[in-house]
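File shown: model_30.txt. Contents: compact mmCIF, C-alpha atoms.
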```txt
# COMPACT_ATOMS: atom_id res chain seq x y z
CA MET A 16 173.59 72.27 55.91
CA TYR A 17 175.19 75.72 55.90
CA ASN A 18 177.71 74.68 53.23
CA LYS A 19 174.93 73.28 51.05
CA GLU A 20 172.99 76.52 51.21
CA LEU A 21 176.14 78.54 50.53
CA LYS A 22 176.83 76.43 47.47
CA GLN A 23 173.28 76.94 46.27
CA THR A 24 173.63 80.69 46.66
CA GLN A 25 176.90 80.71 44.73
CA ILE A 26 175.31 78.74 41.90
CA SER A 27 172.39 81.17 41.85
CA LYS A 28 174.75 84.12 41.62
CA THR A 29 176.43 82.73 38.55
CA ALA A 30 173.29 81.29 37.02
CA ILE A 31 171.31 84.49 37.22
CA PHE A 32 173.19 85.90 34.24
CA THR A 33 173.21 82.68 32.24
CA THR A 34 170.69 81.72 29.58
CA GLY A 35 170.20 78.35 27.89
CA SER A 36 171.03 77.62 24.31
CA MET A 37 167.37 77.82 23.36
CA ARG A 38 166.63 80.69 21.01
CA ALA A 39 163.34 81.93 19.59
CA SER A 40 164.53 80.98 16.10
CA LYS A 41 164.64 77.32 17.18
CA ILE A 42 161.06 77.23 18.36
CA LEU A 43 159.65 79.36 15.55
CA PRO A 44 159.22 76.60 12.88
CA SER A 45 157.40 74.37 15.38
CA PHE A 46 155.27 77.29 16.49
CA ILE A 47 154.31 78.21 12.92
CA LEU A 48 153.47 74.57 12.18
CA VAL A 49 151.26 74.33 15.27
CA LEU A 50 149.59 77.65 14.45
CA THR A 51 148.83 76.37 10.94
CA ILE A 52 147.30 73.20 12.41
CA PHE A 53 145.37 75.27 14.94
CA PHE A 54 143.79 77.58 12.38
CA SER A 55 143.15 74.78 9.89
CA ASP A 56 141.31 72.85 12.58
CA TYR A 57 139.52 75.93 13.81
CA PHE A 58 138.23 76.99 10.38
CA PHE A 59 137.97 73.67 8.50
CA ASN A 60 137.56 71.21 11.40
CA PHE A 61 139.95 68.77 9.75
CA GLY A 62 140.80 67.12 13.06
CA LYS A 63 137.24 65.82 13.49
CA ASP A 64 138.01 62.29 12.30
CA ILE A 65 141.23 62.14 14.33
CA ARG A 66 139.31 63.29 17.39
CA ILE A 67 136.60 60.64 16.91
CA PHE A 68 139.25 57.96 16.40
CA PHE A 69 141.14 59.08 19.49
CA LEU A 70 138.02 59.22 21.66
CA LYS A 71 137.08 55.71 20.49
CA THR A 72 140.51 54.24 21.17
CA SER A 73 140.90 55.99 24.53
CA GLN A 74 137.42 54.98 25.66
CA PRO A 75 138.68 52.17 27.95
CA VAL A 76 141.01 54.65 29.69
CA THR A 77 138.21 57.17 30.20
CA GLU A 78 135.80 54.50 31.38
CA ILE A 79 138.08 53.26 34.18
CA PRO A 80 137.60 56.38 36.33
CA ILE A 81 133.84 56.20 35.83
CA ALA A 82 133.85 52.57 36.94
CA LEU A 83 136.12 53.44 39.87
CA GLY A 84 133.85 56.35 40.76
CA ASN A 85 130.86 54.00 40.78
CA VAL A 86 132.69 51.51 42.99
CA PHE A 87 133.71 54.32 45.33
CA ASP A 88 130.15 55.65 45.49
CA ARG A 89 128.86 52.18 46.30
CA LEU A 90 131.48 51.73 49.01
CA VAL A 91 130.70 55.11 50.55
CA PHE A 92 127.02 54.33 50.34
CA PHE A 93 127.57 50.93 51.97
CA PHE A 94 129.33 52.42 54.97
CA SER A 95 127.14 55.49 55.27
CA SER A 96 124.16 56.03 57.54
CA GLN A 97 122.16 56.40 54.34
CA ASN A 98 122.78 52.73 53.70
CA GLN A 99 121.52 51.86 57.18
CA LEU A 100 118.40 53.84 56.45
CA PHE A 101 118.06 52.13 53.10
CA ILE A 102 118.31 48.71 54.77
CA GLU A 103 115.82 49.77 57.42
CA ILE A 104 113.41 51.04 54.77
CA ASN A 105 113.81 47.77 52.86
CA ASN A 106 113.05 45.76 56.00
CA LEU A 107 110.03 47.93 56.76
CA ASN A 108 108.84 47.53 53.17
CA LYS A 109 109.13 43.77 53.52
CA GLU A 110 107.13 43.93 56.75
CA ILE A 111 104.52 46.09 55.05
CA GLU A 112 104.34 43.53 52.25
CA LYS A 113 103.84 40.74 54.79
CA LEU A 114 101.15 42.73 56.58
CA ASN A 115 99.46 43.46 53.26
CA ILE A 116 99.39 39.74 52.52
CA GLU A 117 97.93 39.17 56.00
CA ILE A 118 95.31 41.85 55.33
CA ILE A 119 94.41 40.20 52.02
CA LYS A 120 94.13 36.85 53.80
CA MET A 121 91.98 38.38 56.53
CA LYS A 122 89.79 40.06 53.94
CA GLY A 123 89.42 36.70 52.21
CA ILE A 124 88.41 35.11 55.50
CA GLU A 125 86.03 37.99 56.22
CA ASN A 126 84.44 37.58 52.79
CA GLU A 127 84.14 33.85 53.35
CA ASN A 128 82.50 34.47 56.70
CA ILE A 129 80.05 36.94 55.21
CA GLU A 130 79.34 34.52 52.41
CA LEU A 131 78.88 31.70 54.87
CA SER A 132 76.65 33.77 57.06
CA GLU A 133 74.52 34.82 54.06
CA LEU A 134 74.19 31.22 52.97
CA MET A 135 73.27 30.12 56.51
CA ASN A 136 70.69 32.89 56.74
CA LEU A 137 69.33 31.86 53.37
CA SER A 138 69.12 28.31 54.54
CA LYS A 139 67.25 29.33 57.71
CA ARG A 140 64.98 31.80 55.97
CA GLU A 141 63.87 29.57 53.16
CA GLN A 142 63.42 26.48 55.31
CA PHE A 143 64.55 24.01 52.68
CA SER A 144 63.80 20.37 53.33
CA PHE A 145 67.51 19.74 53.23
CA SER A 146 70.53 21.99 52.89
CA MET A 147 74.23 21.48 53.10
CA LEU A 148 77.31 23.64 52.67
CA GLY A 149 80.10 22.88 50.27
CA GLU A 150 83.42 24.48 49.45
CA ILE A 151 84.46 25.14 45.88
CA LYS A 152 87.67 23.26 45.13
CA SER A 153 88.17 24.14 41.46
CA LYS A 154 86.43 25.96 38.67
CA SER A 155 86.25 25.43 34.90
CA PHE A 156 85.25 28.36 32.77
CA PHE A 157 83.15 28.91 29.62
CA PRO A 158 82.39 27.04 27.38
CA ASN A 159 82.63 23.99 29.69
CA GLU A 160 81.72 25.69 32.92
CA SER A 161 81.66 23.52 36.01
CA LEU A 162 82.52 23.59 39.68
CA ASN A 163 84.20 20.93 41.73
CA VAL A 164 82.81 21.20 45.26
CA THR A 165 83.92 19.31 48.35
CA THR A 166 81.22 18.35 50.80
CA ASP A 167 79.87 15.38 52.73
CA ILE A 168 78.90 13.35 49.69
CA LYS A 169 77.00 10.77 51.71
CA LYS A 170 74.21 13.26 52.21
CA ILE A 171 74.20 14.47 48.63
CA ASN A 172 71.99 13.25 45.80
CA ASN A 173 71.84 14.07 42.11
CA ASP A 174 68.56 16.00 42.33
CA MET A 175 69.90 18.76 44.53
CA VAL A 176 70.15 22.36 43.40
CA VAL A 177 73.14 24.61 44.09
CA LEU A 178 72.91 28.18 45.41
CA ASN A 179 75.50 30.77 46.18
CA ARG A 180 75.16 34.19 47.83
CA ASN A 181 73.86 35.64 44.53
CA GLY A 182 71.13 33.11 44.01
CA MET A 183 70.51 29.86 42.18
CA ILE A 184 73.45 28.91 40.05
CA GLY A 185 73.31 25.28 39.05
CA GLN A 186 72.64 21.68 39.77
CA ILE A 187 74.57 18.55 40.54
CA ASP A 188 75.87 16.67 37.55
CA GLN A 189 77.95 13.95 39.19
CA VAL A 190 78.72 12.80 42.69
CA LEU A 191 82.40 11.90 42.70
CA PRO A 192 84.24 9.92 45.44
CA ASN A 193 85.34 13.02 47.36
CA SER A 194 83.56 15.89 45.66
CA VAL A 195 80.59 16.92 43.58
CA LYS A 196 80.60 18.19 40.02
CA VAL A 197 78.21 21.09 39.55
CA LEU A 198 77.01 22.38 36.17
CA PRO A 199 75.43 25.78 35.61
CA ILE A 200 71.72 26.23 35.55
CA TYR A 201 71.89 27.48 31.96
CA LYS A 202 73.73 24.40 30.65
CA LYS A 203 72.54 23.10 27.28
CA ASP A 204 69.08 21.49 27.34
CA ASN A 205 68.56 22.04 31.08
CA ILE A 206 64.89 22.65 31.81
CA VAL A 207 63.88 25.16 34.49
CA PRO A 208 60.22 25.81 35.27
CA ALA A 209 59.69 29.56 35.63
CA TYR A 210 57.07 32.32 35.56
CA PHE A 211 56.56 35.97 34.61
CA PRO A 212 55.32 37.86 37.67
CA ARG A 213 54.17 40.74 35.42
CA LEU A 214 51.95 38.47 33.35
CA GLY A 215 51.44 35.70 35.90
CA LEU A 216 52.45 33.27 33.20
CA ASN A 217 54.22 29.96 33.77
CA ILE A 218 56.85 29.07 31.23
CA ILE A 219 59.63 26.58 30.62
CA LEU A 220 63.19 27.83 30.26
CA LYS A 221 65.66 25.75 28.33
CA GLY A 222 69.40 26.21 28.58
CA THR A 223 71.06 26.96 25.25
CA GLY A 224 74.65 26.40 26.39
CA LYS A 225 75.57 29.73 24.80
CA ASP A 226 76.78 32.68 26.82
CA LYS A 227 74.50 32.19 29.88
CA LEU A 228 71.38 32.16 27.74
CA PHE A 229 68.02 30.39 28.06
CA SER A 230 65.32 30.11 25.47
CA ILE A 231 61.60 30.00 26.28
CA GLU A 232 59.89 26.90 24.96
CA ASN A 233 56.58 27.10 23.14
CA LEU A 234 55.65 30.64 24.06
CA SER A 235 52.66 31.79 22.09
CA SER A 236 53.25 34.78 19.82
CA GLY A 237 50.30 36.49 21.45
CA VAL A 238 52.10 36.91 24.77
CA ASN A 239 53.19 40.51 25.18
CA LEU A 240 56.77 40.38 26.42
CA LYS A 241 59.17 43.27 26.97
CA ILE A 242 62.90 43.40 26.94
CA GLY A 243 64.15 43.35 30.55
CA ASP A 244 61.14 41.44 31.95
CA GLU A 245 62.24 39.49 35.01
CA ILE A 246 61.71 35.75 35.18
CA PHE A 247 61.61 33.80 38.47
CA SER A 248 61.70 30.12 39.27
CA SER A 249 58.17 28.76 39.66
CA GLY A 250 59.10 25.75 41.80
CA LEU A 251 56.87 23.54 39.68
CA GLY A 252 58.07 19.96 39.49
CA GLY A 253 59.68 20.30 42.92
CA LYS A 254 63.25 20.31 41.71
CA PHE A 255 64.04 24.03 41.90
CA PRO A 256 63.03 26.25 44.79
CA LYS A 257 60.35 28.84 44.11
CA GLY A 258 60.82 32.58 43.80
CA TYR A 259 64.45 32.86 42.74
CA LEU A 260 65.35 35.34 40.01
CA ILE A 261 66.55 33.33 37.03
CA GLY A 262 67.13 35.98 34.42
CA LYS A 263 65.81 38.81 32.23
CA VAL A 264 64.42 38.88 28.72
CA LYS A 265 67.19 39.81 26.36
CA ARG A 266 65.85 39.39 22.82
CA ILE A 267 62.39 38.77 21.33
CA SER A 268 61.76 37.59 17.76
CA ASN A 269 58.04 37.72 17.13
CA ASP A 270 57.01 36.67 13.63
CA PRO A 271 53.20 37.17 13.22
CA ASN A 272 53.11 34.29 10.71
CA LEU A 273 54.39 31.85 13.31
CA LYS A 274 52.48 30.38 16.21
CA PHE A 275 55.30 30.70 18.74
CA GLN A 276 57.74 33.48 19.39
CA THR A 277 61.46 33.04 20.03
CA VAL A 278 62.69 34.62 23.23
CA GLU A 279 66.19 34.73 24.67
CA VAL A 280 66.64 35.12 28.42
CA GLN A 281 69.91 36.23 29.97
CA SER A 282 70.72 34.31 33.15
CA ILE A 283 71.71 36.34 36.19
CA ALA A 284 73.58 33.44 37.79
CA VAL A 285 77.18 34.27 38.66
CA PHE A 286 78.50 30.77 38.48
CA ASP A 287 82.10 31.35 39.53
CA ASN A 288 81.42 33.82 42.35
CA GLY A 289 82.54 33.10 45.93
CA SER A 290 84.08 30.07 47.54
CA LYS A 291 81.07 28.45 49.24
CA VAL A 292 77.86 26.99 47.89
CA LEU A 293 74.72 25.60 49.41
CA PHE A 294 73.23 22.32 48.23
CA ILE A 295 69.50 22.28 48.77
CA SER A 296 66.43 20.18 48.24
CA PRO A 297 63.38 22.44 48.05
CA MET B 12 175.50 67.80 36.73
CA THR B 13 175.20 64.06 36.76
CA GLU B 14 174.32 64.01 33.08
CA PHE B 15 177.90 64.73 32.15
CA LEU B 16 179.65 62.68 34.83
CA ASP B 17 177.72 59.39 35.02
CA PRO B 18 177.65 56.92 32.15
CA LYS B 19 174.24 56.57 30.55
CA ARG B 20 172.34 53.30 30.30
CA PRO B 21 172.63 52.20 26.67
CA SER B 22 169.49 50.01 26.79
CA PHE B 23 167.28 52.70 28.21
CA PRO B 24 167.87 56.05 26.54
CA VAL B 25 166.99 59.28 28.30
CA TYR B 26 164.72 60.29 25.47
CA ILE B 27 162.49 57.23 26.05
CA THR B 28 162.39 57.83 29.82
CA ILE B 29 161.25 61.39 29.22
CA GLY B 30 158.64 60.26 26.71
CA LEU B 31 157.26 57.53 28.93
CA THR B 32 156.92 59.80 31.94
CA ILE B 33 155.26 62.54 29.89
CA ILE B 34 152.82 60.04 28.36
CA PHE B 35 152.15 58.59 31.81
CA PHE B 36 151.41 62.05 33.20
CA SER B 37 149.19 62.84 30.21
CA PHE B 38 147.12 59.72 30.82
CA LEU B 39 147.02 60.46 34.54
CA GLU B 40 145.71 63.91 33.72
CA ILE B 41 143.03 62.49 31.40
CA PHE B 42 142.18 59.92 34.07
CA LEU B 43 141.79 62.56 36.78
CA ARG B 44 139.81 64.78 34.43
CA THR B 45 137.29 61.96 33.91
CA LEU B 46 137.24 61.15 37.62
CA PHE B 47 136.63 64.75 38.68
CA PRO B 48 134.66 66.44 35.92
CA THR B 49 135.61 70.02 36.71
CA PHE B 50 136.22 72.66 34.04
CA LEU B 51 139.91 72.91 34.94
CA ASN B 52 142.28 70.44 36.54
CA ILE B 53 145.87 70.06 37.71
CA PRO B 54 148.10 70.30 34.60
CA LEU B 55 150.33 67.34 35.42
CA THR B 56 151.66 67.07 31.86
CA LEU B 57 152.79 70.68 31.90
CA MET B 58 154.50 70.17 35.24
CA CYS B 59 156.25 67.06 33.95
CA LEU B 60 157.41 69.00 30.89
CA ILE B 61 158.65 71.81 33.11
CA TYR B 62 160.72 69.32 35.09
CA TRP B 63 162.33 67.68 32.06
CA ASN B 64 162.98 71.01 30.38
CA MET B 65 164.65 72.19 33.54
CA ALA B 66 166.57 68.99 34.25
CA LEU B 67 167.59 67.84 30.79
CA PRO B 68 166.95 70.70 28.35
CA LYS B 69 169.20 69.20 25.71
CA SER B 70 167.47 65.83 25.74
CA VAL B 71 163.85 66.82 25.92
CA GLY B 72 163.55 68.84 22.71
CA LEU B 73 160.15 70.03 21.50
CA THR B 74 158.73 66.83 20.02
CA TRP B 75 157.35 65.51 23.29
CA ALA B 76 155.73 68.86 24.06
CA ILE B 77 154.00 68.80 20.67
CA PHE B 78 153.01 65.13 20.98
CA CYS B 79 151.51 65.43 24.47
CA GLY B 80 149.86 68.73 23.61
CA PHE B 81 148.04 67.00 20.78
CA ILE B 82 147.02 64.09 23.03
CA LEU B 83 145.52 66.50 25.54
CA ASP B 84 143.79 68.48 22.79
CA LEU B 85 142.21 65.33 21.48
CA SER B 86 141.22 64.05 24.90
CA GLN B 87 139.66 67.39 25.89
CA ASN B 88 138.02 67.80 22.49
CA LEU B 89 139.79 71.13 21.94
CA VAL B 90 140.95 72.72 18.70
CA LEU B 91 144.17 70.95 17.72
CA GLY B 92 147.16 72.96 18.87
CA SER B 93 145.61 74.74 21.86
CA ASN B 94 147.66 72.89 24.45
CA VAL B 95 150.61 72.51 22.09
CA MET B 96 151.17 76.26 21.80
CA ILE B 97 151.19 76.67 25.56
CA PHE B 98 153.54 73.71 25.95
CA LEU B 99 155.89 75.08 23.29
CA ALA B 100 155.96 78.50 24.91
CA SER B 101 156.58 76.92 28.32
CA SER B 102 159.35 74.72 26.93
CA TYR B 103 160.96 77.70 25.29
CA LEU B 104 160.91 79.78 28.48
CA ILE B 105 162.15 76.95 30.70
CA GLN B 106 164.92 75.94 28.30
CA ARG B 107 165.95 79.55 27.96
CA TYR B 108 166.18 80.17 31.69
CA PHE B 109 166.78 76.70 33.11
CA HIS B 110 170.07 77.71 34.76
CA ARG B 111 168.28 80.25 36.90
CA LEU B 112 165.34 77.95 37.67
CA ARG B 113 167.57 75.07 38.71
CA ALA B 114 169.38 77.33 41.16
CA LEU B 115 166.18 78.31 42.92
CA TYR B 116 164.96 76.71 46.11
CA ARG B 117 162.14 74.25 45.80
CA ILE B 118 159.63 76.69 47.25
CA GLN B 119 160.69 79.34 44.73
CA GLN B 120 160.35 76.79 41.96
CA SER B 121 156.89 75.96 43.28
CA LEU B 122 155.94 79.63 42.97
CA ILE B 123 157.27 79.76 39.39
CA VAL B 124 155.35 76.57 38.53
CA ALA B 125 152.23 77.96 40.20
CA SER B 126 152.46 81.15 38.15
CA MET B 127 152.86 79.10 34.94
CA VAL B 128 149.89 76.91 35.88
CA PHE B 129 147.89 80.03 36.68
CA THR B 130 148.71 81.55 33.28
CA TYR B 131 147.95 78.24 31.55
CA GLN B 132 144.52 78.09 33.19
CA LEU B 133 143.78 81.74 32.52
CA ILE B 134 144.49 81.21 28.83
CA PHE B 135 141.88 78.42 28.82
CA ILE B 136 139.33 80.53 30.62
CA PHE B 137 139.84 83.43 28.22
CA SER B 138 139.76 81.23 25.14
CA PHE B 139 136.45 79.70 26.25
CA LEU B 140 135.12 83.00 27.63
CA ASN B 141 133.89 81.01 30.55
CA PHE B 142 133.82 83.06 33.74
CA SER B 143 132.06 82.07 36.89
CA ASN B 144 132.77 82.04 40.61
CA GLN B 145 133.21 78.30 40.54
CA ILE B 146 135.83 78.47 37.78
CA LEU B 147 137.73 81.23 39.56
CA ILE B 148 137.80 79.07 42.68
CA GLU B 149 139.02 76.16 40.52
CA VAL B 150 141.83 78.34 39.11
CA LEU B 151 143.04 79.33 42.56
CA LEU B 152 142.59 75.88 44.01
CA PHE B 153 144.41 74.03 41.24
CA THR B 154 147.18 76.64 41.18
CA PHE B 155 147.66 76.16 44.89
CA ILE B 156 147.59 72.36 44.61
CA SER B 157 150.06 72.49 41.72
CA ALA B 158 152.45 74.52 43.85
CA LEU B 159 152.04 72.03 46.67
CA ILE B 160 152.65 68.95 44.57
CA TRP B 161 155.53 70.38 42.57
CA PRO B 162 158.17 69.15 45.08
CA ILE B 163 156.61 65.66 44.91
CA ILE B 164 156.67 65.61 41.12
CA PHE B 165 160.16 67.01 41.13
CA GLY B 166 161.39 64.36 43.57
CA LEU B 167 159.64 61.54 41.74
CA LEU B 168 160.95 62.50 38.30
CA ARG B 169 164.42 63.14 39.69
CA PHE B 170 164.38 59.67 41.22
CA ILE B 171 163.25 58.17 37.89
CA ARG B 172 165.90 60.14 36.01
CA ILE B 173 168.69 58.92 38.25
CA LYS B 174 167.41 55.37 38.68
CA PHE B 175 166.55 54.47 35.10
CA THR B 176 168.78 56.65 33.04
CA TYR B 177 172.23 56.44 34.56
CA ILE B 178 174.40 53.56 35.63
CA SER B 179 175.18 54.39 39.23
```
Could you express the structure from this file as structure tokens?
Amino acid sequence: MYNKELKQTQISKTAIFTTGSMRASKILPSFILVLTIFFSDYFFNFGKDIRIFFLKTSQPVTEIPIALGNVFDRLVFFFSSQNQLFIEINNLNKEIEKLNIEIIKMKGIENENIELSELMNLSKREQFSFSMLGEIKSKSFFPNESLNVTTDIKKINNDMVVLNRNGMIGQIDQVLPNSVKVLPIYKKDNIVPAYFPRLGLNIILKGTGKDKLFSIENLSSGVNLKIGDEIFSSGLGGKFPKGYLIGKVKRISNDPNLKFQTVEVQSIAVFDNGSKVLFISP
Amino acid sequence: MTEFLDPKRPSFPVYITIGLTIIFFSFLEIFLRTLFPTFLNIPLTLMCLIYWNMALPKSVGLTWAIFCGFILDLSQNLVLGSNVMIFLASSYLIQRYFHRLRALYRIQQSLIVASMVFTYQLIFIFSFLNFSNQILIEVLLFTFISALIWPIIFGLLRFIRIKFTYIS
């Protein structure tokens, strides 16, 4: 050890006065060349294309550390308490989602119960000769609106009228093996006896099959109607119960040269509302 | 002075060994620069050049300094020649005084390398006119790290030089 250090010291003593063969004159041409390149690039930016080419070709090399950095971050994150929190938050979020679904289900059940209770109250209040609950199985929308309702079909007949919580909505079209097909009250050519409370006038409504509209049959042009007049079921004929709001006057075309006026009535029936219906015989 | 005593490997010239290690260190420097996006970093290429200029001044020449300087300029998006001038100046100084540097203890060499790294980084800071507390901390930190890793680089390159260049 001592000898090694002694040798080192001796070398240092001799080397301290020695210089290499490198002289400034050797490096000068290279230095001038580099200076020329430096100033040319600085003032004329001639290395722009070379730089772009180099950055493009070295892109894979420069992307490796980024990818490694990402992997490292993910690993650190995986083993960190932050990750535990993240997992916990995820689990809690899933639980919240489940609870939300439960809440939606409960709300649905609550709505059904309210609907059911309203229909039962309606049934008790009105004292129909016969009433029966049914559950909507499927719905078809405009222009071929219909409901498929499951109920005890043995007690059902084709003359029954269908109500939901909003009022009278339709009537039975067909009694199928396990269900009943219900068509809307405003279906084409359906006749509903009605009256104007304001005028005390009985009329006949006829379904047009267009956009929940009725037309009034044979209404004399002398009858003074107003837009928005309410029309109720009259109960005449015994098919439809009395006193249910059917619709409101939407359009009146009164030509003085004609004997009858043309009136369009907008139905208030919300055919696809709710999940329960009541079949009644007035 | 193994370079004069031991026979050289004919299939693997010294010049290529030097070139490969310098290129490797350049890419390592670019790699680390991308991994740690600081304004400055450890100048591994410069340290590699210092080693070869000190160990084999006759073999290293100036071409590799110019070549790697340009690679670093391009990778750092600097004006062409910025690194090259520093590398040339360093090569000149090391080749001029390599006898004295070789004779120094490793810790003394580390201090010399640290001072060169410090100067190298200061030149960059001055040329960019970028002064902030963070950059000053980076200068000191990377200078210190460079001094610390110099013995490792020295040992590694010495091992490569002996292993791949000479027939033992």
Next item on the list: One decimal, Å: what's the distance from atom CA of A:Ser282 over to atom CA of A:Val238, could you say?
Entry: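 One can read the atom CA of A:Ser282 to atom CA of A:Val238 distance as 20.6 Å.
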Note to self: If I take atom CA of B:Leu104 and atom CA of A:Met37, how far is one from the other in Å, to one decimal?
What the structure shows: 8.5 Å
Note to self: I'd like the contact shell of stretch 270-277 of chain A - 7 Å cut-off, only C-alpha atoms, skipping same-chain residues fewer than 4 positions apart - returned as a VMD selection string.
What the structure shows: chain A and resid 231 233 to 236
Note to self: So that I can check the surroundings of A:Thr166, please list as a count of residues only every protein, DNA and RNA residue that reaches within 12 Å of it, counting all atoms listed in the file and ignoring chain neighbours fewer than 4 positions away.
What the structure shows: 22
Note to self: Using only C-alpha atoms for the distances, tell me which of B:Phe47, B:Phe155, B:Phe142, B:Phe165 is nearest to chain A.
What the structure shows: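 Among B:Phe47, B:Phe155, B:Phe142, B:Phe165, it is B:Phe47 that comes nearest to chain A.
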Next item on the list: Select residues of chain B: the criterion is any atom within 10 Å of an atom of chain A, counting all atoms listed in the file; output as a PyMOL selection string.
Entry: chain B and resi 38-39+41-47+68-69+72-74+77+81-82+84-97+99-100+102-116
Item checked: Using only C-alpha atoms: which of B:Ser121, B:Ser37, B:Thr56, B:Thr28 has the shortest distance to B:Ala158 ->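 Result for the nearest residue to B:Ala158: B:Ser121.
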Checklist line | B:Ile160, B:Gly166, B:Ile134, B:Val71 ranked by distance to B:Ile33, top pick (using all atoms listed in the file) | finding: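 Using all atoms listed in the file, B:Ile33 sits closest to B:Val71.
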Closest atom pairs, stretch 142-241 of chain A residues within 9 Å of stretch 263-267 of chain A, only C-alpha atoms, as CSV:
```
residue,atom,partner,partner_atom,distance
A:Leu228,CA,A:Lys265,CA,8.8
A:Leu240,CA,A:Ile267,CA,7.8
A:Lys241,CA,A:Val264,CA,7.1
```
Margin query: Could you list, as a list in words, every residue within 8 Å of stretch 128-132 of chain B, counting all atoms listed in the file and ignoring same-chain residues fewer than 4 positions away?
Written below: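 So, after excluding close chain neighbours, the residues are Leu51, Pro54, Leu57, Ile97, Val124, Ile136, Val150, Leu151, Thr154 and Ser157 of chain B.
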For those residues, write C-alpha atoms to a file as a compact mmCIF listing (two decimals), in the frame of the given file.
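Written out: result-v1.txt:
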```txt
# COMPACT_ATOMS: atom_id res chain seq x y z
CA LEU B 51 139.91 72.91 34.94
CA PRO B 54 148.10 70.30 34.60
CA LEU B 57 152.79 70.68 31.90
CA ILE B 97 151.19 76.67 25.56
CA VAL B 124 155.35 76.57 38.53
CA ILE B 136 139.33 80.53 30.62
CA VAL B 150 141.83 78.34 39.11
CA LEU B 151 143.04 79.33 42.56
CA THR B 154 147.18 76.64 41.18
CA SER B 157 150.06 72.49 41.72
```
Check: What is the distance between atom CA of B:Ser70 and atom CA of B:Gln119, in Å to one decimal?
Finding: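 According to the coordinates, atom CA of B:Ser70 and atom CA of B:Gln119 are separated by 24.3 Å.
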Note to self: List as a list of chain:residue names the protein and nucleic acid residues near A:Ser248, meaning an atom at most 7 Å away when all atoms listed in the file are counted, but skip any in the same chain fewer than 4 places from it.
What the structure shows: A:Pro208, A:Ala209, A:Tyr210, A:Pro256, A:Lys257, A:Gly258, A:Tyr259, A:Leu260, A:Ile261
Check: Quick one: of A:Ile118, A:Leu90, A:Val280, A:Val285, who's nearest to A:Asn179, counting all atoms listed in the file?
Finding: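 Nearest to A:Asn179: A:Val285.
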Next item on the list: Measuring atom to atom with only C-alpha atoms, identify which of A:Leu220, A:Ile111, A:Val91, A:Ile295 is nearest to A:Gly262.
Entry: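 Ranked by minimum distance to A:Gly262, first place goes to A:Leu220.
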